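Text of start_19.pdb (PDB, C-alpha atoms, pLDDT in the B column) as supplied:
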```
MODEL        1
ATOM      1  CA  MET N   1     143.886 128.626 123.302  1.00 67.00           C
ATOM      2  CA  MET N   2     141.513 126.980 120.857  1.00 79.00           C
ATOM      3  CA  LYS N   3     138.549 125.035 122.229  1.00 88.00           C
ATOM      4  CA  GLU N   4     138.321 121.330 121.373  1.00 89.00           C
ATOM      5  CA  ASN N   5     135.384 121.787 118.961  1.00 90.00           C
ATOM      6  CA  GLU N   6     137.227 124.651 117.211  1.00 92.00           C
ATOM      7  CA  LEU N   7     140.380 122.546 116.903  1.00 92.00           C
ATOM      8  CA  LYS N   8     138.330 119.736 115.345  1.00 93.00           C
ATOM      9  CA  ALA N   9     136.691 122.161 112.882  1.00 93.00           C
ATOM     10  CA  TYR N  10     140.018 123.660 111.737  1.00 95.00           C
ATOM     11  CA  THR N  11     141.618 120.211 111.578  1.00 95.00           C
ATOM     12  CA  GLN N  12     138.772 118.923 109.412  1.00 94.00           C
ATOM     13  CA  LEU N  13     139.009 121.976 107.142  1.00 94.00           C
ATOM     14  CA  THR N  14     142.762 121.532 106.683  1.00 95.00           C
ATOM     15  CA  LYS N  15     142.462 117.793 106.114  1.00 95.00           C
ATOM     16  CA  THR N  16     139.679 118.274 103.539  1.00 93.00           C
ATOM     17  CA  ARG N  17     141.607 120.929 101.619  1.00 93.00           C
ATOM     18  CA  PHE N  18     144.958 119.140 101.679  1.00 93.00           C
ATOM     19  CA  MET N  19     143.587 115.735 100.664  1.00 91.00           C
ATOM     20  CA  GLU N  20     143.704 117.266  97.145  1.00 88.00           C
ATOM     21  CA  ASP N  21     147.336 118.382  97.485  1.00 95.00           C
ATOM     22  CA  PRO N  22     149.831 116.379  95.375  1.00 96.00           C
ATOM     23  CA  GLY N  23     152.382 116.392  98.208  1.00 95.00           C
ATOM     24  CA  VAL N  24     149.915 114.987 100.740  1.00 94.00           C
ATOM     25  CA  LEU N  25     148.567 112.481  98.211  1.00 93.00           C
ATOM     26  CA  PHE N  26     152.123 111.230  97.671  1.00 95.00           C
ATOM     27  CA  GLN N  27     152.640 110.818 101.444  1.00 93.00           C
ATOM     28  CA  ILE N  28     149.458 108.831 102.067  1.00 93.00           C
ATOM     29  CA  LYS N  29     149.129 106.850  98.826  1.00 93.00           C
ATOM     30  CA  ASP N  30     147.866 103.286  99.468  1.00 92.00           C
ATOM     31  CA  LEU N  31     147.738 103.715 103.269  1.00 93.00           C
ATOM     32  CA  GLU N  32     144.530 102.183 104.666  1.00 93.00           C
ATOM     33  CA  ARG N  33     144.236 104.719 107.482  1.00 94.00           C
ATOM     34  CA  ALA N  34     145.329 107.705 105.375  1.00 93.00           C
ATOM     35  CA  GLY N  35     142.471 109.965 106.488  1.00 92.00           C
ATOM     36  CA  LEU N  36     143.093 109.358 110.190  1.00 93.00           C
ATOM     37  CA  LEU N  37     146.861 109.781 109.889  1.00 93.00           C
ATOM     38  CA  ILE N  38     146.571 113.085 108.010  1.00 93.00           C
ATOM     39  CA  GLU N  39     143.941 114.318 110.467  1.00 93.00           C
ATOM     40  CA  LEU N  40     146.241 113.582 113.417  1.00 93.00           C
ATOM     41  CA  GLN N  41     149.172 115.258 111.668  1.00 93.00           C
ATOM     42  CA  PHE N  42     147.225 118.460 110.978  1.00 95.00           C
ATOM     43  CA  GLU N  43     145.670 118.512 114.456  1.00 95.00           C
ATOM     44  CA  GLY N  44     149.151 118.198 115.940  1.00 95.00           C
ATOM     45  CA  GLN N  45     150.513 120.973 113.716  1.00 95.00           C
ATOM     46  CA  ILE N  46     147.694 123.336 114.647  1.00 96.00           C
ATOM     47  CA  GLN N  47     148.202 122.679 118.372  1.00 95.00           C
ATOM     48  CA  ALA N  48     152.005 122.968 118.240  1.00 95.00           C
ATOM     49  CA  PHE N  49     152.003 126.188 116.226  1.00 96.00           C
ATOM     50  CA  MET N  50     149.193 127.670 118.369  1.00 94.00           C
ATOM     51  CA  GLU N  51     151.640 127.462 121.283  1.00 94.00           C
ATOM     52  CA  GLU N  52     154.018 129.620 119.224  1.00 94.00           C
ATOM     53  CA  ASN N  53     151.308 132.179 118.274  1.00 94.00           C
ATOM     54  CA  ALA N  54     151.811 131.147 114.654  1.00 95.00           C
ATOM     55  CA  VAL N  55     148.176 130.392 113.750  1.00 96.00           C
ATOM     56  CA  ASN N  56     145.621 132.828 112.311  1.00 95.00           C
ATOM     57  CA  VAL N  57     142.022 131.782 111.699  1.00 94.00           C
ATOM     58  CA  LEU N  58     138.748 132.876 110.180  1.00 92.00           C
ATOM     59  CA  ASP N  59     135.903 132.298 112.632  1.00 87.00           C
ATOM     60  CA  GLY N  60     133.708 129.249 112.417  1.00 86.00           C
ATOM     61  CA  GLY N  61     136.337 126.860 111.069  1.00 88.00           C
ATOM     62  CA  LYS N  62     136.273 128.665 107.695  1.00 92.00           C
ATOM     63  CA  GLY N  63     139.973 129.419 107.285  1.00 96.00           C
ATOM     64  CA  LEU N  64     143.362 128.768 108.861  1.00 96.00           C
ATOM     65  CA  LEU N  65     146.877 130.066 108.254  1.00 97.00           C
ATOM     66  CA  ILE N  66     150.069 128.778 109.879  1.00 97.00           C
ATOM     67  CA  GLY N  67     153.253 130.779 109.449  1.00 97.00           C
ATOM     68  CA  TYR N  68     156.194 132.124 111.406  1.00 96.00           C
ATOM     69  CA  SER N  69     159.129 134.487 111.311  1.00 96.00           C
ATOM     70  CA  THR N  70     162.423 132.624 110.944  1.00 94.00           C
ATOM     71  CA  ASN N  71     163.900 134.850 113.676  1.00 94.00           C
ATOM     72  CA  ALA N  72     161.064 133.992 116.076  1.00 93.00           C
ATOM     73  CA  LEU N  73     161.338 130.285 115.246  1.00 93.00           C
ATOM     74  CA  PRO N  74     164.895 129.546 114.123  1.00 91.00           C
ATOM     75  CA  GLU N  75     165.739 125.951 113.281  1.00 89.00           C
ATOM     76  CA  ASP N  76     166.781 125.027 116.847  1.00 91.00           C
ATOM     77  CA  LYS N  77     163.322 126.092 118.108  1.00 94.00           C
ATOM     78  CA  LEU N  78     161.407 124.880 115.051  1.00 92.00           C
ATOM     79  CA  ILE N  79     162.565 121.266 115.363  1.00 90.00           C
ATOM     80  CA  PRO N  80     160.923 120.755 118.809  1.00 91.00           C
ATOM     81  CA  VAL N  81     157.719 122.370 117.482  1.00 93.00           C
ATOM     82  CA  MET N  82     157.663 119.920 114.577  1.00 91.00           C
ATOM     83  CA  GLN N  83     158.350 117.042 116.978  1.00 91.00           C
ATOM     84  CA  ARG N  84     155.432 118.146 119.204  1.00 90.00           C
ATOM     85  CA  SER N  85     153.223 118.382 116.129  1.00 92.00           C
ATOM     86  CA  SER N  86     153.797 114.685 115.393  1.00 91.00           C
ATOM     87  CA  ARG N  87     153.213 113.413 118.945  1.00 90.00           C
ATOM     88  CA  GLN N  88     149.575 112.311 118.419  1.00 88.00           C
ATOM     89  CA  LEU N  89     150.391 110.693 115.101  1.00 91.00           C
ATOM     90  CA  ILE N  90     153.298 108.732 116.608  1.00 91.00           C
ATOM     91  CA  GLU N  91     150.990 107.358 119.324  1.00 91.00           C
ATOM     92  CA  VAL N  92     148.652 105.637 116.843  1.00 92.00           C
ATOM     93  CA  VAL N  93     150.761 104.909 113.775  1.00 93.00           C
ATOM     94  CA  THR N  94     151.887 101.327 113.221  1.00 94.00           C
ATOM     95  CA  GLU N  95     155.543 100.529 112.657  1.00 94.00           C
ATOM     96  CA  ALA N  96     154.855  99.764 108.980  1.00 94.00           C
ATOM     97  CA  GLU N  97     152.909 103.036 108.478  1.00 94.00           C
ATOM     98  CA  LEU N  98     155.630 105.018 110.212  1.00 92.00           C
ATOM     99  CA  GLN N  99     158.305 103.511 107.966  1.00 94.00           C
ATOM    100  CA  ILE N 100     156.306 104.363 104.826  1.00 95.00           C
ATOM    101  CA  LEU N 101     155.631 107.935 106.009  1.00 93.00           C
ATOM    102  CA  GLN N 102     159.285 108.462 106.950  1.00 93.00           C
ATOM    103  CA  ASP N 103     160.571 107.053 103.658  1.00 94.00           C
ATOM    104  CA  ARG N 104     158.226 109.291 101.681  1.00 94.00           C
ATOM    105  CA  ALA N 105     159.090 112.361 103.757  1.00 92.00           C
ATOM    106  CA  VAL N 106     162.801 111.759 103.096  1.00 92.00           C
ATOM    107  CA  LYS N 107     162.082 111.508  99.360  1.00 93.00           C
ATOM    108  CA  GLN N 108     160.044 114.729  99.371  1.00 93.00           C
ATOM    109  CA  VAL N 109     162.820 116.623 101.136  1.00 91.00           C
ATOM    110  CA  GLU N 110     165.030 115.876  98.123  1.00 91.00           C
ATOM    111  CA  ILE N 111     163.027 118.408  96.085  1.00 93.00           C
ATOM    112  CA  ILE N 112     162.487 120.996  98.852  1.00 92.00           C
ATOM    113  CA  PRO N 113     165.785 122.861  99.108  1.00 89.00           C
ATOM    114  CA  GLN N 114     166.346 123.859 102.726  1.00 87.00           C
ATOM    115  CA  ASN N 115     166.615 127.632 103.173  1.00 91.00           C
ATOM    116  CA  TRP N 116     166.363 128.186  99.405  1.00 96.00           C
ATOM    117  CA  HIS N 117     165.254 131.757 100.103  1.00 96.00           C
ATOM    118  CA  THR N 118     168.707 132.766 101.368  1.00 95.00           C
ATOM    119  CA  ALA N 119     169.830 132.957  97.732  1.00 96.00           C
ATOM    120  CA  TYR N 120     167.423 135.894  97.355  1.00 96.00           C
ATOM    121  CA  PHE N 121     167.357 137.507 100.802  1.00 95.00           C
ATOM    122  CA  ASP N 122     169.721 137.216 103.738  1.00 91.00           C
ATOM    123  CA  GLY N 123     167.662 137.910 106.835  1.00 93.00           C
ATOM    124  CA  ASP N 124     164.427 137.235 108.641  1.00 95.00           C
ATOM    125  CA  VAL N 125     161.587 135.937 106.467  1.00 97.00           C
ATOM    126  CA  TYR N 126     158.016 134.922 107.206  1.00 98.00           C
ATOM    127  CA  HIS N 127     157.557 131.266 106.282  1.00 97.00           C
ATOM    128  CA  LEU N 128     154.006 130.519 105.225  1.00 97.00           C
ATOM    129  CA  LEU N 129     153.400 126.841 106.012  1.00 96.00           C
ATOM    130  CA  ILE N 130     149.668 126.233 105.609  1.00 96.00           C
ATOM    131  CA  VAL N 131     146.766 128.237 104.239  1.00 96.00           C
ATOM    132  CA  ALA N 132     143.367 126.581 104.007  1.00 95.00           C
ATOM    133  CA  THR N 133     139.949 128.108 103.396  1.00 95.00           C
ATOM    134  CA  ASP N 134     136.574 126.432 103.118  1.00 92.00           C
ATOM    135  CA  LYS N 135     135.995 125.504  99.473  1.00 90.00           C
ATOM    136  CA  SER N 136     132.470 126.947  99.642  1.00 89.00           C
ATOM    137  CA  LEU N 137     134.009 130.386 100.262  1.00 90.00           C
ATOM    138  CA  LYS N 138     135.918 130.499  96.965  1.00 88.00           C
ATOM    139  CA  GLY N 139     135.465 133.940  95.414  1.00 86.00           C
ATOM    140  CA  THR N 140     134.143 135.538  98.624  1.00 89.00           C
ATOM    141  CA  GLY N 141     137.401 137.156  99.770  1.00 90.00           C
ATOM    142  CA  ALA N 142     138.020 134.613 102.554  1.00 93.00           C
ATOM    143  CA  PHE N 143     141.564 133.855 101.380  1.00 95.00           C
ATOM    144  CA  ARG N 144     142.237 137.606 101.115  1.00 95.00           C
ATOM    145  CA  ALA N 145     140.876 138.168 104.633  1.00 95.00           C
ATOM    146  CA  LEU N 146     143.202 135.487 105.979  1.00 95.00           C
ATOM    147  CA  ILE N 147     146.409 136.470 104.207  1.00 96.00           C
ATOM    148  CA  THR N 148     146.141 140.283 104.068  1.00 97.00           C
ATOM    149  CA  PRO N 149     146.922 140.941 107.769  1.00 96.00           C
ATOM    150  CA  VAL N 150     150.066 138.808 107.451  1.00 97.00           C
ATOM    151  CA  ILE N 151     151.104 140.584 104.238  1.00 98.00           C
ATOM    152  CA  GLU N 152     150.571 143.978 105.897  1.00 97.00           C
ATOM    153  CA  MET N 153     152.605 142.946 108.953  1.00 96.00           C
ATOM    154  CA  CYS N 154     155.431 141.700 106.720  1.00 97.00           C
ATOM    155  CA  GLU N 155     155.382 144.894 104.635  1.00 97.00           C
ATOM    156  CA  LEU N 156     155.546 146.988 107.805  1.00 97.00           C
ATOM    157  CA  LYS N 157     158.571 144.992 109.009  1.00 96.00           C
ATOM    158  CA  LYS N 158     160.075 144.870 105.495  1.00 96.00           C
ATOM    159  CA  MET N 159     160.136 141.085 105.878  1.00 97.00           C
ATOM    160  CA  PRO N 160     159.809 138.910 102.764  1.00 98.00           C
ATOM    161  CA  MET N 161     157.316 136.035 102.802  1.00 98.00           C
ATOM    162  CA  VAL N 162     158.255 132.595 101.487  1.00 98.00           C
ATOM    163  CA  LEU N 163     156.373 129.377 100.841  1.00 98.00           C
ATOM    164  CA  GLU N 164     156.699 126.005  99.203  1.00 97.00           C
ATOM    165  CA  THR N 165     153.786 124.234  97.531  1.00 97.00           C
ATOM    166  CA  PHE N 166     153.361 121.023  95.578  1.00 97.00           C
ATOM    167  CA  ASN N 167     150.071 122.206  94.083  1.00 96.00           C
ATOM    168  CA  PRO N 168     150.539 123.970  90.722  1.00 97.00           C
ATOM    169  CA  ASP N 169     147.056 125.517  91.115  1.00 94.00           C
ATOM    170  CA  ASN N 170     148.416 127.511  94.069  1.00 96.00           C
ATOM    171  CA  VAL N 171     151.045 129.305  91.982  1.00 98.00           C
ATOM    172  CA  PRO N 172     148.696 131.784  90.213  1.00 97.00           C
ATOM    173  CA  LEU N 173     146.731 132.303  93.442  1.00 95.00           C
ATOM    174  CA  TYR N 174     149.840 133.421  95.311  1.00 97.00           C
ATOM    175  CA  GLU N 175     151.092 135.401  92.315  1.00 98.00           C
ATOM    176  CA  HIS N 176     147.834 137.394  92.552  1.00 96.00           C
ATOM    177  CA  PHE N 177     148.951 138.406  96.063  1.00 97.00           C
ATOM    178  CA  GLY N 178     152.405 139.536  94.947  1.00 98.00           C
ATOM    179  CA  PHE N 179     154.420 136.330  95.318  1.00 98.00           C
ATOM    180  CA  GLN N 180     156.897 135.388  92.607  1.00 98.00           C
ATOM    181  CA  LEU N 181     157.874 131.873  91.623  1.00 98.00           C
ATOM    182  CA  LYS N 182     161.618 131.792  92.311  1.00 98.00           C
ATOM    183  CA  GLU N 183     162.432 128.117  91.839  1.00 97.00           C
ATOM    184  CA  SER N 184     160.801 124.798  91.062  1.00 97.00           C
ATOM    185  CA  HIS N 185     162.263 121.363  91.722  1.00 97.00           C
ATOM    186  CA  SER N 186     160.788 118.201  90.227  1.00 96.00           C
ATOM    187  CA  SER N 187     161.033 114.458  90.650  1.00 95.00           C
ATOM    188  CA  ASP N 188     159.816 112.160  87.904  1.00 94.00           C
ATOM    189  CA  GLU N 189     160.001 109.230  90.318  1.00 93.00           C
ATOM    190  CA  MET N 190     157.535 110.889  92.713  1.00 93.00           C
ATOM    191  CA  ASN N 191     155.652 112.750  89.981  1.00 94.00           C
ATOM    192  CA  LEU N 192     155.963 115.871  92.146  1.00 96.00           C
ATOM    193  CA  THR N 193     157.166 119.424  91.698  1.00 97.00           C
ATOM    194  CA  CYS N 194     157.950 121.749  94.584  1.00 97.00           C
ATOM    195  CA  TYR N 195     157.251 125.409  93.760  1.00 98.00           C
ATOM    196  CA  CYS N 196     159.270 127.891  95.848  1.00 98.00           C
ATOM    197  CA  MET N 197     157.694 131.334  96.029  1.00 98.00           C
ATOM    198  CA  MET N 198     158.647 134.658  97.624  1.00 98.00           C
ATOM    199  CA  ARG N 199     156.954 137.986  98.231  1.00 98.00           C
ATOM    200  CA  SER N 200     159.521 140.767  98.758  1.00 93.00           C
TER
ENDMDL
END
```

As structure tokens, how would this structure be written, given the file I've shared?
Amino acid sequence: MMKENELKAYTQLTKTRFMEDPGVLFQIKDLERAGLLIELQFEGQIQAFMEENAVNVLDGGKGLLIGYSTNALPEDKLIPVMQRSSRQLIEVVTEAELQILQDRAVKQVEIIPQNWHTAYFDGDVYHLLIVATDKSLKGTGAFRALITPVIEMCELKKMPMVLETFNPDNVPLYEHFGFQLKESHSSDEMNLTCYCMMRS
């Protein structure tokens, strides 16, 4: 289990990196306590997925990856994990903030097709949820060090990897590691595009 100071370091890293993400920016737009709410959400996700052995890290709070096999965490097991991940957030969020966050989450889901990958592969896939590395490590191989063990494990098991991202800058990064853009879904109302990528 992660120590409290480690959890805080990885939470801060993830929050810092994702505060630039169009999907996160859409969720927290105009919320006074945006930073706190996102921090609690990421801290909860890290804790919940740690319990499922679905978190890989680079030492010193420098990188974090959350992902899981859809066989290991099918939907009936994933839902309670996601509920646990929101527990801390629910304890501090106001009713008005909760309503805004829920409304925006429902809107975002409109452009994230559930199980889109089944059109390309019928079987177990590794779902990459979060990858964050310290910005100061860009170009040092930190991202490679974080993702390569997961890629190798998936290749060994002949298990495709899938991900969704709202950040267009992520598309060429993942393409460099063998992912292909399979679908994109946009909303003019939200000014968002969801990019669905797969590595076979």

In file coordinates, which residues lie within 9 Å of (154.1, 129.8, 105.2) using all atoms listed in the file, given as an mmCIF file with C-alpha atoms, keeping the file's coordinate frame?
```cif
data_model
loop_
_atom_site.group_PDB
_atom_site.id
_atom_site.type_symbol
_atom_site.label_atom_id
_atom_site.label_comp_id
_atom_site.auth_asym_id
_atom_site.auth_seq_id
_atom_site.Cartn_x
_atom_site.Cartn_y
_atom_site.Cartn_z
ATOM 1 C CA LEU N 65 146.877 130.066 108.254
ATOM 2 C CA ILE N 66 150.069 128.778 109.879
ATOM 3 C CA GLY N 67 153.253 130.779 109.449
ATOM 4 C CA TYR N 68 156.194 132.124 111.406
ATOM 5 C CA TYR N 126 158.016 134.922 107.206
ATOM 6 C CA HIS N 127 157.557 131.266 106.282
ATOM 7 C CA LEU N 128 154.006 130.519 105.225
ATOM 8 C CA LEU N 129 153.400 126.841 106.012
ATOM 9 C CA ILE N 130 149.668 126.233 105.609
ATOM 10 C CA VAL N 131 146.766 128.237 104.239
ATOM 11 C CA MET N 161 157.316 136.035 102.802
ATOM 12 C CA VAL N 162 158.255 132.595 101.487
ATOM 13 C CA LEU N 163 156.373 129.377 100.841
ATOM 14 C CA GLU N 164 156.699 126.005 99.203
#
```

Next on the checklist: Taking the file as I've supplied it (selection: the PyMOL selection byres ((chain N and resi 174-178) around 12)), which residues are included? Please answer as a PyMOL selection string.
Outcome noted: chain N and resi 128+131+143-148+150-152+155+160-165+167-173+179-182+195-200

Item to check | Atom-to-atom span, atom CA of N:Gln47 and atom CA of N:Glu20, Å | outcome: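 Between atom CA of N:Gln47 and atom CA of N:Glu20 the gap is 22.4 Å.
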
Find the residues around N:Arg84 up to 9 Å (all atoms listed in the file counted), leave out those fewer than 4 positions away in its own chain, and share them as a PDB file with C-alpha atoms, keeping the file's coordinate frame.
```pdb
ATOM      1  CA  GLY N  44     149.151 118.198 115.940  1.00 95.00           C
ATOM      2  CA  GLN N  45     150.513 120.973 113.716  1.00 95.00           C
ATOM      3  CA  GLN N  47     148.202 122.679 118.372  1.00 95.00           C
ATOM      4  CA  ALA N  48     152.005 122.968 118.240  1.00 95.00           C
ATOM      5  CA  ILE N  79     162.565 121.266 115.363  1.00 90.00           C
ATOM      6  CA  PRO N  80     160.923 120.755 118.809  1.00 91.00           C
ATOM      7  CA  GLN N  88     149.575 112.311 118.419  1.00 88.00           C
TER       8      GLN N  88
END
```

Item to check | Distance in Å - atom CA of N:Leu37 versus atom CA of N:Met190 | outcome: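 One can read the atom CA of N:Leu37 to atom CA of N:Met190 distance as 20.3 Å.
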
Explicit residue set for the PyMOL selection byres ((chain N and resi 13) around 10), as a JSON list (two decimals) with C-alpha atoms, in the frame of the given file:
```
[["chain", "number", "residue", "atom", "x", "y", "z"],
["N", 7, "LEU", "CA", 140.38, 122.55, 116.90],
["N", 8, "LYS", "CA", 138.33, 119.74, 115.34],
["N", 9, "ALA", "CA", 136.69, 122.16, 112.88],
["N", 10, "TYR", "CA", 140.02, 123.66, 111.74],
["N", 11, "THR", "CA", 141.62, 120.21, 111.58],
["N", 12, "GLN", "CA", 138.77, 118.92, 109.41],
["N", 14, "THR", "CA", 142.76, 121.53, 106.68],
["N", 15, "LYS", "CA", 142.46, 117.79, 106.11],
["N", 16, "THR", "CA", 139.68, 118.27, 103.54],
["N", 17, "ARG", "CA", 141.61, 120.93, 101.62],
["N", 18, "PHE", "CA", 144.96, 119.14, 101.68],
["N", 39, "GLU", "CA", 143.94, 114.32, 110.47],
["N", 42, "PHE", "CA", 147.22, 118.46, 110.98],
["N", 61, "GLY", "CA", 136.34, 126.86, 111.07],
["N", 62, "LYS", "CA", 136.27, 128.66, 107.70],
["N", 63, "GLY", "CA", 139.97, 129.42, 107.28],
["N", 64, "LEU", "CA", 143.36, 128.77, 108.86],
["N", 132, "ALA", "CA", 143.37, 126.58, 104.01],
["N", 133, "THR", "CA", 139.95, 128.11, 103.40],
["N", 134, "ASP", "CA", 136.57, 126.43, 103.12],
["N", 135, "LYS", "CA", 136.00, 125.50, 99.47]]
```
